[in-house]
Amino acid sequence: MATHPFLSTEWIDEARRIHEEYRGRTAPVPVVVRVNLIITDVPFGNGNLDAHADTMAGELEIDTGHLEEADTTLTLDYDTARATLVEQDAQAAMSAFMGGRIKVQGDMSKLLLLQGQLGTADPVALEVAGRIRAITSD
């Protein structure tokens with residue numbers, strides 16, 4: 001299996017393919033949350049990457065670009081994004097938040113609702129997460 005640097009064009013394409021393969025098979029996310037992400041210190045491109053997470057369709061959708069009407073915007077560095085999104089390291093996320101490396105603008109209560117929902121991942125979601133980790137080289 002090929003591996004790619006986190007957030008590279010190749011990694012994003014492969015992550016999209018994996019998510020598409022599992023569409024409709026994960027447990028529904030009952031909370032509607034729309035979050036824009038600004039990932040800084042990306043080691044390629046212009047150094048920043050805009051992305052978003054959206055549960056409006058009942059599934060967690062993560063993709064590039066920003067949503068027009070987001071509940072919250074998170075700004076975090078590349079290493080923190082990797083630890084949070086790929087490794088799903090809740091301790092690293094909490095440490096980064098407490099240390100000011102994750103900045104939150106907007107409705108933080110919605111973010112906390114989403115965190116509570118994702119903390120009880122179903123087996124299919126865990127399988128998806130494992131496949132995403134497996135394609136990540138750095």
# chains A, B, ... in the order shown; residues from 1 in each chain; ligands from 1
call {"tool": "residues_around", "arguments": {"residues": "A:Ala81", "least_positions_apart": "5", "cutoff": "8 Å", "atoms": "only C-alpha atoms", "output": "MDAnalysis selection string"}}
result
chainID A and resid 39 76 86
call {"tool": "residues_around", "arguments": {"residues": "A:Leu67", "least_positions_apart": "5", "cutoff": "10 Å", "atoms": "only C-alpha atoms", "output": "MDAnalysis selection string"}}
result
chainID A and resid 34:37 50:54 73
call {"tool": "write_last_selection", "arguments": {"atoms": "N, CA and C atoms", "output": "PDB file, in the first residue's frame"}}
result
ATOM      1  N   ARG A  34     -20.759  22.278  11.715  1.00  0.00           N
ATOM      2  CA  ARG A  34     -19.995  22.683  10.533  1.00  0.00           C
ATOM      3  C   ARG A  34     -18.782  23.455  11.021  1.00  0.00           C
ATOM      4  N   VAL A  35     -17.592  22.915  10.764  1.00  0.00           N
ATOM      5  CA  VAL A  35     -16.349  23.475  11.296  1.00  0.00           C
ATOM      6  C   VAL A  35     -15.381  23.759  10.154  1.00  0.00           C
ATOM      7  N   ASN A  36     -14.889  24.986  10.091  1.00  0.00           N
ATOM      8  CA  ASN A  36     -13.802  25.301   9.177  1.00  0.00           C
ATOM      9  C   ASN A  36     -12.489  25.080   9.902  1.00  0.00           C
ATOM     10  N   LEU A  37     -11.508  24.579   9.182  1.00  0.00           N
ATOM     11  CA  LEU A  37     -10.178  24.316   9.726  1.00  0.00           C
ATOM     12  C   LEU A  37      -9.152  25.140   8.964  1.00  0.00           C
ATOM     13  N   ASP A  50      -6.709  25.207   3.994  1.00  0.00           N
ATOM     14  CA  ASP A  50      -8.074  25.392   4.470  1.00  0.00           C
ATOM     15  C   ASP A  50      -8.850  24.110   4.231  1.00  0.00           C
ATOM     16  N   ALA A  51      -9.581  23.681   5.252  1.00  0.00           N
ATOM     17  CA  ALA A  51     -10.383  22.460   5.163  1.00  0.00           C
ATOM     18  C   ALA A  51     -11.647  22.663   5.988  1.00  0.00           C
ATOM     19  N   HIS A  52     -12.497  21.644   6.006  1.00  0.00           N
ATOM     20  CA  HIS A  52     -13.708  21.716   6.819  1.00  0.00           C
ATOM     21  C   HIS A  52     -14.171  20.326   7.220  1.00  0.00           C
ATOM     22  N   ALA A  53     -14.966  20.298   8.277  1.00  0.00           N
ATOM     23  CA  ALA A  53     -15.665  19.090   8.720  1.00  0.00           C
ATOM     24  C   ALA A  53     -17.140  19.461   8.810  1.00  0.00           C
ATOM     25  N   ASP A  54     -17.999  18.583   8.298  1.00  0.00           N
ATOM     26  CA  ASP A  54     -19.421  18.891   8.225  1.00  0.00           C
ATOM     27  C   ASP A  54     -20.215  17.610   8.488  1.00  0.00           C
ATOM     28  N   THR A  73     -14.593  27.919  13.711  1.00  0.00           N
ATOM     29  CA  THR A  73     -13.351  27.825  12.943  1.00  0.00           C
ATOM     30  C   THR A  73     -12.232  27.457  13.907  1.00  0.00           C
TER      31      THR A  73
END
call {"tool": "select_by_dssp", "arguments": {"residues": "chain A", "states": "helix (DSSP H, G or I)", "output": "ChimeraX atom specification"}}
result
/A:9-22,78-86,90-98,108-118,123-134
call {"tool": "select_by_dssp", "arguments": {"residues": "chain A", "states": "strand (DSSP E)", "output": "PyMOL selection string"}}
result
chain A and resi 34-40+49-54+61-64+72-77+102-106
call {"tool": "write_last_selection", "arguments": {"atoms": "C-alpha atoms", "output": "PDB file, in the first residue's frame"}}
result
ATOM      1  CA  ARG A  34     -19.995  22.683  10.533  1.00  0.00           C
ATOM      2  CA  VAL A  35     -16.349  23.475  11.296  1.00  0.00           C
ATOM      3  CA  ASN A  36     -13.802  25.301   9.177  1.00  0.00           C
ATOM      4  CA  LEU A  37     -10.178  24.316   9.726  1.00  0.00           C
ATOM      5  CA  ILE A  38      -7.098  26.419   9.093  1.00  0.00           C
ATOM      6  CA  ILE A  39      -4.037  24.196   9.228  1.00  0.00           C
ATOM      7  CA  THR A  40      -0.792  26.141   9.514  1.00  0.00           C
ATOM      8  CA  LEU A  49      -4.375  24.565   4.149  1.00  0.00           C
ATOM      9  CA  ASP A  50      -8.074  25.392   4.470  1.00  0.00           C
ATOM     10  CA  ALA A  51     -10.383  22.460   5.163  1.00  0.00           C
ATOM     11  CA  HIS A  52     -13.708  21.716   6.819  1.00  0.00           C
ATOM     12  CA  ALA A  53     -15.665  19.090   8.720  1.00  0.00           C
ATOM     13  CA  ASP A  54     -19.421  18.891   8.225  1.00  0.00           C
ATOM     14  CA  GLU A  61     -17.459  14.743   5.929  1.00  0.00           C
ATOM     15  CA  ILE A  62     -13.944  16.205   5.899  1.00  0.00           C
ATOM     16  CA  ASP A  63     -12.645  17.961   2.809  1.00  0.00           C
ATOM     17  CA  THR A  64     -10.570  20.885   1.603  1.00  0.00           C
ATOM     18  CA  THR A  72     -16.799  27.228  14.396  1.00  0.00           C
ATOM     19  CA  THR A  73     -13.351  27.825  12.943  1.00  0.00           C
ATOM     20  CA  LEU A  74     -10.332  25.997  14.333  1.00  0.00           C
ATOM     21  CA  THR A  75      -6.778  27.102  13.641  1.00  0.00           C
ATOM     22  CA  LEU A  76      -4.138  24.486  14.386  1.00  0.00           C
ATOM     23  CA  ASP A  77      -0.658  23.589  13.218  1.00  0.00           C
ATOM     24  CA  ILE A 102      -5.637  25.151  18.810  1.00  0.00           C
ATOM     25  CA  LYS A 103      -7.516  28.426  18.472  1.00  0.00           C
ATOM     26  CA  VAL A 104     -11.308  28.392  18.399  1.00  0.00           C
ATOM     27  CA  GLN A 105     -13.551  31.061  16.900  1.00  0.00           C
ATOM     28  CA  GLY A 106     -17.312  30.677  17.040  1.00  0.00           C
TER      29      GLY A 106
END
call {"tool": "residues_around", "arguments": {"residues": "A:Met94", "least_positions_apart": "2", "cutoff": "12 Å", "atoms": "only C-alpha atoms", "output": "PDB file with N, CA and C atoms, in the first residue's frame"}}
result
ATOM      1  N   THR A  80      -0.294  19.143  15.055  1.00  0.00           N
ATOM      2  CA  THR A  80      -1.483  18.955  15.888  1.00  0.00           C
ATOM      3  C   THR A  80      -2.629  18.381  15.064  1.00  0.00           C
ATOM      4  N   ALA A  83      -1.915  14.670  14.588  1.00  0.00           N
ATOM      5  CA  ALA A  83      -2.169  13.919  15.822  1.00  0.00           C
ATOM      6  C   ALA A  83      -3.672  13.779  16.080  1.00  0.00           C
ATOM      7  N   THR A  84      -4.415  14.831  15.775  1.00  0.00           N
ATOM      8  CA  THR A  84      -5.848  14.837  16.047  1.00  0.00           C
ATOM      9  C   THR A  84      -6.640  14.072  14.988  1.00  0.00           C
ATOM     10  N   GLN A  88      -5.879  10.322  15.934  1.00  0.00           N
ATOM     11  CA  GLN A  88      -7.039  10.452  16.813  1.00  0.00           C
ATOM     12  C   GLN A  88      -6.620  10.419  18.280  1.00  0.00           C
ATOM     13  N   ASP A  89      -5.557  11.178  18.561  1.00  0.00           N
ATOM     14  CA  ASP A  89      -4.972  11.253  19.895  1.00  0.00           C
ATOM     15  C   ASP A  89      -5.676  12.357  20.694  1.00  0.00           C
ATOM     16  N   ALA A  90      -6.666  11.971  21.486  1.00  0.00           N
ATOM     17  CA  ALA A  90      -7.440  12.940  22.261  1.00  0.00           C
ATOM     18  C   ALA A  90      -6.560  13.685  23.258  1.00  0.00           C
ATOM     19  N   GLN A  91      -5.573  13.020  23.810  1.00  0.00           N
ATOM     20  CA  GLN A  91      -4.658  13.647  24.770  1.00  0.00           C
ATOM     21  C   GLN A  91      -3.840  14.750  24.094  1.00  0.00           C
ATOM     22  N   ALA A  92      -3.353  14.482  22.895  1.00  0.00           N
ATOM     23  CA  ALA A  92      -2.598  15.492  22.151  1.00  0.00           C
ATOM     24  C   ALA A  92      -3.482  16.683  21.818  1.00  0.00           C
ATOM     25  N   ALA A  96      -2.842  20.391  23.175  1.00  0.00           N
ATOM     26  CA  ALA A  96      -2.677  21.486  22.211  1.00  0.00           C
ATOM     27  C   ALA A  96      -3.679  22.605  22.494  1.00  0.00           C
ATOM     28  N   PHE A  97      -4.900  22.235  22.828  1.00  0.00           N
ATOM     29  CA  PHE A  97      -5.911  23.248  23.142  1.00  0.00           C
ATOM     30  C   PHE A  97      -5.521  24.027  24.394  1.00  0.00           C
ATOM     31  N   MET A  98      -5.141  23.308  25.439  1.00  0.00           N
ATOM     32  CA  MET A  98      -4.766  23.964  26.696  1.00  0.00           C
ATOM     33  C   MET A  98      -3.509  24.810  26.517  1.00  0.00           C
ATOM     34  N   GLY A  99      -2.622  24.404  25.599  1.00  0.00           N
ATOM     35  CA  GLY A  99      -1.396  25.145  25.337  1.00  0.00           C
ATOM     36  C   GLY A  99      -1.551  26.264  24.316  1.00  0.00           C
ATOM     37  N   GLY A 100      -2.774  26.482  23.824  1.00  0.00           N
ATOM     38  CA  GLY A 100      -3.022  27.562  22.883  1.00  0.00           C
ATOM     39  C   GLY A 100      -2.637  27.251  21.452  1.00  0.00           C
ATOM     40  N   ARG A 101      -2.341  25.987  21.146  1.00  0.00           N
ATOM     41  CA  ARG A 101      -1.978  25.625  19.771  1.00  0.00           C
ATOM     42  C   ARG A 101      -3.197  25.300  18.911  1.00  0.00           C
ATOM     43  N   ILE A 102      -4.381  25.237  19.544  1.00  0.00           N
ATOM     44  CA  ILE A 102      -5.637  25.151  18.810  1.00  0.00           C
ATOM     45  C   ILE A 102      -6.441  26.382  19.213  1.00  0.00           C
ATOM     46  N   LYS A 103      -6.737  27.209  18.223  1.00  0.00           N
ATOM     47  CA  LYS A 103      -7.516  28.426  18.472  1.00  0.00           C
ATOM     48  C   LYS A 103      -8.923  28.208  17.946  1.00  0.00           C
ATOM     49  N   LEU A 112     -17.881  20.729  21.076  1.00  0.00           N
ATOM     50  CA  LEU A 112     -17.899  19.770  22.181  1.00  0.00           C
ATOM     51  C   LEU A 112     -18.929  18.673  21.943  1.00  0.00           C
ATOM     52  N   GLN A 115     -17.328  16.319  19.463  1.00  0.00           N
ATOM     53  CA  GLN A 115     -16.290  15.522  20.122  1.00  0.00           C
ATOM     54  C   GLN A 115     -16.921  14.367  20.895  1.00  0.00           C
TER      55      GLN A 115
END
call {"tool": "atom_distance", "arguments": {"atom1": "atom CA of A:Val32", "atom2": "atom CA of A:Leu126"}}
result
20.7 Å
call {"tool": "closest_residue", "arguments": {"among": "A:Leu7, A:Thr26, A:Glu14, A:Thr136", "to": "A:Asp122", "atoms": "only C-alpha atoms"}}
result
A:Thr26
call {"tool": "atom_distance", "arguments": {"atom1": "atom CA of A:Arg25", "atom2": "atom CA of A:Glu127"}}
result
10.9 Å
call {"tool": "residues_around", "arguments": {"residues": "A:Glu59", "least_positions_apart": "2", "cutoff": "7 Å", "atoms": "only C-alpha atoms", "output": "JSON, numbers by chain"}}
result
{"A": [28, 29, 55, 57, 61]}
call {"tool": "write_last_selection", "arguments": {"atoms": "N, CA and C atoms", "output": "PDB file, in the first residue's frame"}}
result
ATOM      1  N   PRO A  28     -24.638   6.893  12.057  1.00  0.00           N
ATOM      2  CA  PRO A  28     -24.989   8.291  11.778  1.00  0.00           C
ATOM      3  C   PRO A  28     -24.520   9.215  12.905  1.00  0.00           C
ATOM      4  N   VAL A  29     -24.158  10.431  12.534  1.00  0.00           N
ATOM      5  CA  VAL A  29     -23.786  11.461  13.509  1.00  0.00           C
ATOM      6  C   VAL A  29     -25.026  12.333  13.697  1.00  0.00           C
ATOM      7  N   THR A  55     -21.188  17.677   9.402  1.00  0.00           N
ATOM      8  CA  THR A  55     -22.025  16.516   9.699  1.00  0.00           C
ATOM      9  C   THR A  55     -23.469  16.711   9.235  1.00  0.00           C
ATOM     10  N   ALA A  57     -25.063  16.027   6.628  1.00  0.00           N
ATOM     11  CA  ALA A  57     -25.660  14.887   5.923  1.00  0.00           C
ATOM     12  C   ALA A  57     -25.768  13.645   6.812  1.00  0.00           C
ATOM     13  N   GLU A  61     -18.091  14.465   7.219  1.00  0.00           N
ATOM     14  CA  GLU A  61     -17.459  14.743   5.929  1.00  0.00           C
ATOM     15  C   GLU A  61     -16.299  15.697   6.187  1.00  0.00           C
TER      16      GLU A  61
END
call {"tool": "closest_residue", "arguments": {"among": "A:Asp41, A:Asp107, A:Glu21, A:Asp138", "to": "A:Glu69", "atoms": "only C-alpha atoms"}}
result
A:Asp107
call {"tool": "atom_distance", "arguments": {"atom1": "atom CA of A:Leu111", "atom2": "atom CA of A:Asp13"}}
result
25.9 Å
call {"tool": "residues_around", "arguments": {"residues": "A:Tyr22", "least_positions_apart": "4", "cutoff": "12 Å", "atoms": "only C-alpha atoms", "output": "compact mmCIF listing (two decimals) with C-alpha atoms, in the first residue's frame"}}
result
# COMPACT_ATOMS: atom_id res chain seq x y z
CA ALA A 15 -8.43 9.64 1.96
CA ARG A 16 -11.38 10.73 -0.21
CA ARG A 17 -11.37 7.35 -1.95
CA ILE A 18 -11.40 5.51 1.39
CA THR A 26 -20.70 4.22 9.56
CA ALA A 27 -23.06 5.07 12.41
CA GLU A 59 -21.94 11.51 8.37
CA LEU A 60 -18.65 13.19 9.17
CA GLU A 61 -17.46 14.74 5.93
CA PRO A 123 -16.26 -0.47 14.47
CA VAL A 124 -16.61 0.69 10.85
CA ALA A 125 -15.42 4.22 11.75
CA LEU A 126 -12.45 2.66 13.55
CA GLU A 127 -11.66 0.63 10.43
CA VAL A 128 -11.75 3.80 8.30
CA ALA A 129 -9.44 5.55 10.77
CA ARG A 131 -6.93 2.76 6.81
CA ILE A 132 -6.31 6.51 6.89
